[in-house]
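Source file: structure09.cif (mmCIF, C-alpha atoms)
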```
data_start
loop_
_atom_site.label_atom_id
_atom_site.label_comp_id
_atom_site.auth_asym_id
_atom_site.auth_seq_id
_atom_site.Cartn_x
_atom_site.Cartn_y
_atom_site.Cartn_z
CA MET A 145 0.00 0.00 0.00
CA SER A 146 1.32 3.41 -0.96
CA THR A 147 1.79 5.95 1.84
CA SER A 148 1.62 9.00 -0.42
CA LYS A 149 -1.73 10.26 -1.62
CA GLU A 150 -2.19 9.71 -5.37
CA ARG A 151 -3.88 12.63 -7.12
CA ILE A 152 -7.00 11.81 -9.12
CA TYR A 153 -7.26 13.31 -12.61
CA LYS A 154 -10.40 13.59 -14.70
CA ALA A 155 -10.92 13.37 -18.45
CA TYR A 156 -13.80 15.54 -19.67
CA TRP A 157 -15.63 16.23 -22.91
CA LEU A 158 -17.10 19.61 -23.86
CA ARG A 159 -19.72 19.47 -26.60
CA THR A 160 -23.02 20.76 -27.86
CA GLU A 161 -26.26 18.76 -27.78
CA CYS A 162 -25.97 17.67 -31.42
CA MET A 163 -22.46 16.20 -30.96
CA THR A 164 -22.41 12.45 -30.36
CA ASP A 165 -18.91 11.24 -31.34
CA VAL A 166 -16.32 11.79 -28.60
CA LYS A 167 -13.48 10.81 -30.99
CA THR A 168 -14.06 13.57 -33.55
CA GLN A 169 -16.27 16.28 -32.04
CA GLY A 170 -16.07 18.81 -29.23
CA TYR A 171 -13.14 19.24 -26.86
CA VAL A 172 -11.45 16.56 -24.77
CA GLY A 173 -9.21 17.64 -21.89
CA ILE A 174 -7.80 16.54 -18.56
CA THR A 175 -7.73 18.31 -15.21
CA LYS A 176 -6.79 17.69 -11.61
CA ASN A 177 -9.40 20.20 -10.42
CA SER A 178 -13.17 20.08 -10.75
CA ILE A 179 -14.28 19.84 -14.38
CA TYR A 180 -16.64 22.78 -13.77
CA HIS A 181 -13.74 24.89 -12.49
CA ARG A 182 -11.76 23.95 -15.60
CA PHE A 183 -14.75 24.80 -17.80
CA GLY A 184 -14.84 28.27 -16.20
CA GLN A 185 -11.17 28.70 -17.08
CA HIS A 186 -11.87 27.70 -20.68
CA CYS A 187 -14.74 30.23 -20.87
CA HIS A 188 -12.36 33.09 -20.05
CA SER A 189 -9.42 31.79 -22.08
CA ASN A 190 -8.09 33.50 -25.20
CA ARG A 191 -7.24 30.13 -26.72
CA PRO A 192 -9.37 28.76 -29.59
CA VAL A 193 -11.48 26.55 -27.30
CA GLY A 194 -12.42 29.59 -25.20
CA THR A 195 -13.35 31.58 -28.30
CA THR A 196 -15.46 28.67 -29.57
CA ILE A 197 -17.27 28.31 -26.23
CA ARG A 198 -18.08 32.04 -26.14
CA GLU A 199 -19.34 31.95 -29.76
CA ILE A 200 -21.66 29.01 -29.04
CA GLY A 201 -22.65 30.31 -25.60
CA GLU A 202 -21.68 28.86 -22.23
CA ASP A 203 -25.26 27.72 -21.56
CA ASN A 204 -25.28 25.61 -24.75
CA ILE A 205 -22.21 23.53 -23.76
CA ILE A 206 -22.64 20.09 -22.20
CA ILE A 207 -19.88 19.00 -19.83
CA SER A 208 -19.34 15.24 -19.50
CA GLU A 209 -16.83 13.48 -17.28
CA LEU A 210 -15.31 10.59 -19.25
CA SER A 211 -13.10 8.93 -16.66
CA ARG A 212 -11.11 9.30 -13.43
CA GLY A 213 -7.72 7.88 -12.61
CA THR A 214 -4.00 8.50 -12.35
CA TYR A 215 -2.31 10.99 -14.64
CA GLU A 216 -0.87 8.20 -16.79
CA GLU A 217 -4.26 6.52 -17.27
CA ILE A 218 -6.05 9.76 -18.12
CA SER A 219 -3.22 10.94 -20.39
CA ASN A 220 -3.40 7.66 -22.31
CA LEU A 221 -7.17 8.06 -22.68
CA GLU A 222 -6.76 11.62 -24.00
CA ALA A 223 -4.02 10.46 -26.39
CA THR A 224 -6.29 7.73 -27.80
CA LEU A 225 -9.20 10.16 -28.23
CA ARG A 226 -7.04 12.94 -29.73
CA PRO A 227 -4.05 11.21 -31.40
CA GLN A 228 -3.47 14.06 -33.87
CA ARG A 229 -3.72 17.83 -34.04
CA PHE A 230 -6.91 19.67 -35.01
CA ILE A 231 -9.49 17.08 -33.99
CA GLY A 232 -12.76 18.67 -32.91
CA TRP A 233 -12.04 21.83 -30.92
CA ASN A 234 -8.62 20.54 -29.83
CA ILE A 235 -5.65 22.23 -31.47
CA LEU A 236 -2.89 19.99 -30.10
CA ALA A 237 -2.73 16.23 -29.85
CA GLY A 238 -3.79 14.70 -26.55
CA ALA A 239 -1.41 14.28 -23.60
CA GLY A 240 1.28 16.45 -25.18
CA VAL A 241 2.02 13.94 -27.94
CA GLN A 242 4.57 15.43 -30.30
CA THR A 243 3.02 15.35 -33.76
CA VAL A 244 5.00 18.02 -35.56
CA ARG A 245 8.23 16.96 -37.26
CA CYS A 246 11.04 18.96 -38.82
CA SER A 247 10.64 19.06 -42.59
CA GLY A 248 14.42 18.74 -42.97
CA CYS A 249 15.54 15.92 -40.66
CA ASN A 250 12.17 14.49 -39.46
CA VAL A 251 12.90 15.03 -35.72
CA HIS A 252 9.96 15.77 -33.36
CA LEU A 253 9.36 19.45 -32.59
CA PRO A 254 7.51 20.58 -29.46
CA LYS A 255 4.32 22.64 -30.00
CA ARG A 256 5.22 24.27 -33.32
CA ALA A 257 3.36 24.92 -36.51
CA THR A 258 3.42 22.28 -39.20
CA GLY A 259 6.26 22.85 -41.66
CA ALA A 260 8.65 24.28 -39.05
CA GLN A 261 12.30 23.31 -39.03
CA CYS A 262 14.72 22.59 -36.19
CA GLU A 263 17.73 24.82 -35.48
CA LEU A 264 20.09 22.40 -37.24
CA CYS A 265 18.11 22.50 -40.49
CA ASN A 266 17.27 26.22 -40.37
CA ASP A 267 20.46 27.89 -39.21
CA SER A 268 19.82 31.60 -38.83
CA LYS A 269 23.49 32.58 -38.92
CA PHE A 270 25.04 33.83 -42.14
CA PRO A 271 27.36 31.31 -43.82
CA LEU A 272 30.99 32.31 -44.17
CA GLY A 273 31.44 34.78 -47.01
CA HIS A 274 27.80 35.97 -46.98
CA LYS A 275 26.80 39.36 -45.64
CA PRO A 276 23.39 40.64 -44.52
CA HIS A 277 21.27 42.64 -46.96
CA ASN A 278 21.90 45.88 -45.07
CA TRP A 279 25.71 45.54 -44.89
CA GLY A 280 27.34 48.97 -45.24
CA LYS A 281 24.02 50.83 -45.39
CA GLY A 282 24.36 52.54 -41.98
CA ARG A 283 25.63 56.03 -41.26
CA LEU A 284 29.26 56.54 -42.18
CA VAL A 285 31.53 57.10 -39.20
CA GLU A 286 35.11 58.32 -39.06
CA LEU A 287 37.08 56.88 -36.13
CA ILE A 288 40.45 58.06 -34.86
CA ASP A 289 42.40 55.70 -32.62
CA PRO A 290 44.56 56.97 -29.71
CA SER A 291 47.68 57.05 -31.93
CA GLY A 292 45.95 59.24 -34.56
CA VAL A 293 45.21 56.63 -37.28
CA VAL A 294 41.91 57.36 -39.09
CA TYR A 295 39.45 54.56 -39.95
CA HIS A 296 36.33 54.55 -42.13
CA PRO A 297 34.60 51.23 -41.24
CA GLU A 298 32.04 49.68 -43.55
CA ALA A 299 30.15 48.10 -40.62
CA LEU A 300 30.52 49.81 -37.24
CA THR A 301 29.51 46.87 -35.03
CA VAL A 302 31.98 44.51 -36.73
CA PHE A 303 34.75 47.13 -36.48
CA CYS A 304 34.01 47.70 -32.79
CA LYS A 305 34.09 43.96 -32.10
CA GLU A 306 37.50 43.65 -33.82
CA HIS A 307 38.96 46.58 -31.84
CA GLY A 308 37.34 45.92 -28.44
CA LEU A 309 35.02 48.92 -28.53
CA VAL A 310 31.39 49.24 -27.47
CA PRO A 311 29.28 50.34 -30.50
CA GLN A 312 26.81 52.30 -28.34
CA ASN A 313 29.66 54.34 -26.82
CA VAL A 314 31.16 55.01 -30.26
CA ARG A 315 27.78 56.32 -31.44
CA LYS A 316 27.57 58.58 -28.38
CA VAL A 317 30.99 60.02 -29.22
CA ALA A 318 29.96 60.51 -32.87
CA ARG A 319 26.77 62.34 -31.78
CA GLY A 320 28.74 64.56 -29.41
CA ASP A 321 27.27 63.14 -26.18
CA ARG A 322 30.75 61.99 -25.07
CA ARG A 323 34.23 63.28 -25.78
CA HIS A 324 35.85 59.87 -26.36
CA THR A 325 35.60 56.16 -25.64
CA GLN A 326 38.80 54.37 -24.63
CA GLN A 327 40.67 57.38 -26.10
CA TRP A 328 39.03 56.79 -29.52
CA LYS A 329 37.35 59.79 -31.16
CA ALA A 330 34.49 59.49 -33.66
CA ARG A 331 32.29 61.66 -35.84
CA TYR A 332 29.55 61.08 -38.38
CA LEU A 333 30.40 61.93 -41.97
#
```

Rewrite the coordinates I just gave you, this time as structure tokens.
Amino acid sequence: MSTSKERIYKAYWLRTECMTDVKTQGYVGITKNSIYHRFGQHCHSNRPVGTTIREIGEDNIIISELSRGTYEEISNLEATLRPQRFIGWNILAGAGVQTVRCSGCNVHLPKRATGAQCELCNDSKFPLGHKPHNWGKGRLVELIDPSGVVYHPEALTVFCKEHGLVPQNVRKVARGDRRHTQQWKARYL
């Protein structure tokens, strides 16, 4: 006999009077609270199920308890009733089943839109040799280092990174808000 108290979860079905098929119609969910408390949360939710309930009218929704049991039992029931996304009023598959896969490498993706790609397949960094579309389009700055050498960088942030400068401070010097940054002087051209 277990000494710890096992929490009881409930599977519930929200539907209208004309809906008769629990596998394809309405909304199936699980809760550890009262199903009426959970229904109240749905009524005030901005998620699609809440919007649907408000459109139909709270008084026109029938709340049915499907089963009670441990989290594993109830999760399995929800997964069998909602094995895929977009069944009835449910948007996601039941019990957090991962149904979305990367279109590049076919790995499971958590709660993403269909057609999404993982970070490995959709690298957002620029490949070596490629530059962003706005490269060199910023304001032109003239920088003078402490020894008096003049620089005209094409990209200020890259130049600052190479020389150990903070771009925000260089811009302040160029605007006239500061006299120098690390003995570097700057001005806009």

How would you write, as a PyMOL selection string, the residues chosen by the PyMOL selection byres ((chain A and resi 329) around 9) on this structure? chain A and resi 286-290+314+317-318+323-328+330-331

Could those residues be written to a file, using C-alpha atoms, as a CSV table (one decimal), in the frame of the given file?
```
chain,number,residue,atom,x,y,z
A,286,GLU,CA,35.1,58.3,-39.1
A,287,LEU,CA,37.1,56.9,-36.1
A,288,ILE,CA,40.4,58.1,-34.9
A,289,ASP,CA,42.4,55.7,-32.6
A,290,PRO,CA,44.6,57.0,-29.7
A,314,VAL,CA,31.2,55.0,-30.3
A,317,VAL,CA,31.0,60.0,-29.2
A,318,ALA,CA,30.0,60.5,-32.9
A,323,ARG,CA,34.2,63.3,-25.8
A,324,HIS,CA,35.8,59.9,-26.4
A,325,THR,CA,35.6,56.2,-25.6
A,326,GLN,CA,38.8,54.4,-24.6
A,327,GLN,CA,40.7,57.4,-26.1
A,328,TRP,CA,39.0,56.8,-29.5
A,330,ALA,CA,34.5,59.5,-33.7
A,331,ARG,CA,32.3,61.7,-35.8
```

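With all atoms listed in the file as the basis for measurement, A:Gly232 is the residue among A:Gly248, A:Asn177, A:Gly232, A:Arg226 that approaches Met163 in chain A most closely.
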
Nearest to Thr224 in chain A, restricted to all atoms listed in the file and choosing among A:Gly194, A:Pro276, A:Gly282, A:Gly238, comes out as A:Gly238

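From CA of Arg229 in chain A back to CA of Thr168 in chain A, the distance works out to 11.2 Å.
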
What's around Gln261 in chain A at 8 Å? Count only C-alpha atoms, leave out sequence neighbours fewer than 6 positions away in its own chain, and write the answer as a list of chain:residue names.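 So, after excluding close chain neighbours, the residues are A:Arg245, A:Cys246, A:Ser247, A:Gly248.
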
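Shell of range 300-304 of chain A at 8 Å, with all atoms listed in the file counted and residues fewer than 6 places along the chain excluded, is Val285, Val310 and Pro311 of chain A.
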
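Shortest atom-to-atom contact with His186 in chain A among A:Asn278, A:Trp233, A:Glu298, A:Glu217: A:Trp233, counting all atoms listed in the file.
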